[in-house]
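> Right, I'll just put the structure down here and ask away after.
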Amino acid sequence: MRTILIDTAEFSADDGHSWTAVMLPDTWASRGLAKLGAGRYRVYFELIDPGEQTLGVVLRRISTFHRVSLNGALIAEQVDTPQHMNRRNPVAAAFDLPPALLHAGTNELEFELRFKSRSGLSEVRLDSAAAAREFLEHTVILDETLPRALNMATAGLALFMLAIWWRRRPEVALGAFGAMMLVAALRNYGYSGTYSLLPPWLLDWLVFSSQVVTTVMLGFFAQALGGTWRPFRRMLIGLAIVLPAVALAAASLDHIELAARLQGNMTLDRMNLLRRFVYPVLSVISLAGLAMLVRHAWRLRRRRIILPVLGVLVLIACGMHDYAFQTGLLPLTDRFWLPLSTPLVMSGLAMLLVARLVTAISAVEIMNIDLDRRVALRTSELEAANAAKSRFLAAATHDLRQPVVTVGLLLGMAQELMRETASPARALIDRARTALDAMESLLRDLLDLSRVESGAQSAVMQSVSLSALFQTTEQHVHLAAERKGLSVRFKPTTLTVRSDPVLLEQILRNLVDNAVRFTDRGGVLVSARRRGTHSVLLQVRDTGRGIALQHQGQIFEEFVQVGPTPNNVPRGTGLGLAIVRRAAAALRMAVTLDSHPGRGSCFSLHCTRDQTALRD
């Protein structure tokens, strides 16, 4: 049969005593009626010959609580039972018309309805039963299945963006947009179905709160891209806290008074009143966020930012449309646009943000590769320059030692000849001798440093007796300590370590020399103690001036001396601790420092214990 579309009906808001002709679709709010309550509709259609074919009637919008009668006989009923209290309305529905109840001529369909929101009735479509069910399936797919599938996919993409933000916290724009996507997708998913597992008042509050949260997240997203304005940020945080709390109280009170309103007693609809005030405010906030994005796009002069701006503008327009539909300003047969537009727009914007992040990461990777190449090139250049410096130092110090030794012999002979005299020439010779000793010390340190750096003095690991090493070092520093009145004590030990004797002696001698030079009173203690089975802790402890924390990382560099030189103590070369560090690196050991200004310093060196020694 051909499709019959019925667009006129009779309406009664009471028990059917007073009927008024209306056009379908009929939206109560557009006629000044309350958006919830009970009502009846009657429609008429003509049949020439009903035949035996089963006919069907389909409606795009009808209350989920209904009674449908054909020619006075009940053919479908969905009552308002506790099992269906969570159903929302209106929805699409289809009913089969029993052939036995149809007759030639005028037939009557009556719909007794009870609404909780958006009251009214769509056009009545009369067709074959199969065509009616097919039309209903298409309507359900478009109204419920498709929006839910799109929003679940959007929720998955939002979780992916939040996971990226969790690992890269500076990406605030990505995190804010992901949170906004997730809340909006969950809201649309819950709002696209025929019924909810939650009570209506709680679902109403969740939808309202999600609208607030998505608007707040849009503001944060705009601020992350367009710059931070603290008053606007504080206002967003305040709205996110205050409005859901107020809405929870309003929804709870509306739920308590729901029975009175369904019975026709006029009570205050607090949630609807709250929406009338809050939704325009949220629209203004969304426009403010849009203005920030536009300003950001204008400042950057980038066309890519235009797409997010247009996307946000589309969402704002869809939100205004849905608000008008929710409040009854649009026909009942319209639909919510946000459940369809939100996944599409936000997914597109999310892909732009992810592409922006991927582009930034790719640029960083390219920069890192270029940086690694430059570092490798510069490192090779520095190594070549360092090797050249070491060769120059080795050659220069070796060539200079011979004339310095000659000058030292000549000065020694001059001192012997003038031992018995007190002429000014003897004082000059003594001063020259002191300067020559300092030059010899510098040349010796430079030669030691060049040998360690060049690798000419490679480590030859063997058994080293710490007792013999202590005796050699004590003889070296004995005179210097005695002139300053310091005590240098080497704690007796029988420990033996596995090391290079020359490098280890250089380390210990420089550490003890340094301790004596920078200690005015007290003394120096050199000790060795076991540390477990395989390690020996070698320590040089003094009661000197100590080293400030900010200088402790500098003293191991070449020619670095911190603080004033103690009285009557010649300034050193600044190479002693540099030699210690280089020699320790050659031995694969680490030198640690524990120092406190005014209390002294302690240098520690972990050595490998010699396991072949019979006695420790």
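Residues in the structure tokens are named by chain (A, B, ... in the order shown) and by number from 1 within that chain; ligands are numbered from 1 in the order shown.
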Give me the residues near Ile62 in chain A as a VMD selection string, where near means some atom within 8 Å (using only C-alpha atoms) and where sequence neighbours in that chain fewer than 6 positions away do not count.

chain A and resid 89 to 93 113 120 to 122

> Emit the selected residues as a tab-separated table (two decimals), in the first residue's frame, including N, CA, C and O atoms.


chain	number	residue	atom	x	y	z
A	89	ASN	N	11.69	10.63	27.29
A	89	ASN	CA	10.80	10.75	26.16
A	89	ASN	C	11.06	12.10	25.50
A	89	ASN	O	11.67	12.98	26.09
A	90	PRO	N	10.58	12.26	24.28
A	90	PRO	CA	9.90	11.25	23.45
A	90	PRO	C	10.87	10.40	22.65
A	90	PRO	O	12.04	10.75	22.54
A	91	VAL	N	10.36	9.30	22.05
A	91	VAL	CA	11.18	8.38	21.27
A	91	VAL	C	10.40	7.98	20.02
A	91	VAL	O	9.23	8.33	19.86
A	92	ALA	N	11.06	7.23	19.16
A	92	ALA	CA	10.39	6.67	17.99
A	92	ALA	C	9.73	5.35	18.36
A	92	ALA	O	10.22	4.61	19.21
A	93	ALA	N	8.61	5.04	17.74
A	93	ALA	CA	7.89	3.80	18.04
A	93	ALA	C	7.06	3.38	16.84
A	93	ALA	O	6.71	4.20	15.97
A	113	LEU	N	-1.07	9.69	26.35
A	113	LEU	CA	0.36	9.88	26.59
A	113	LEU	C	0.60	10.52	27.95
A	113	LEU	O	-0.23	11.27	28.46
A	120	GLY	N	4.50	16.26	23.35
A	120	GLY	CA	3.93	16.48	22.02
A	120	GLY	C	3.85	15.18	21.25
A	120	GLY	O	4.01	14.08	21.79
A	121	LEU	N	3.57	15.29	19.97
A	121	LEU	CA	3.42	14.11	19.11
A	121	LEU	C	3.85	14.49	17.70
A	121	LEU	O	3.58	15.59	17.20
A	122	SER	N	4.52	13.55	17.03
A	122	SER	CA	4.96	13.78	15.65
A	122	SER	C	3.85	13.39	14.68
A	122	SER	O	2.75	12.98	15.07

> Quick check for you: according to DSSP on this backbone, which residues of range 154-380 of chain A are classed as alpha helix (DSSP H)? Reply as number ranges by chain.

A: 154-167, 172-191, 200-226, 230-256, 258-262, 270-300, 306-326, 338-380

> Near Pro170 in chain A, counting only C-alpha atoms, which residues have an atom at most 12 Å away, once you skip same-chain residues fewer than 4 positions from it, shown as a list in words?

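Everything that qualifies: Ile164, Trp165, Trp166, Leu174, Gly175, Ala176, Ala224, Leu225 and Leu357 of chain A.
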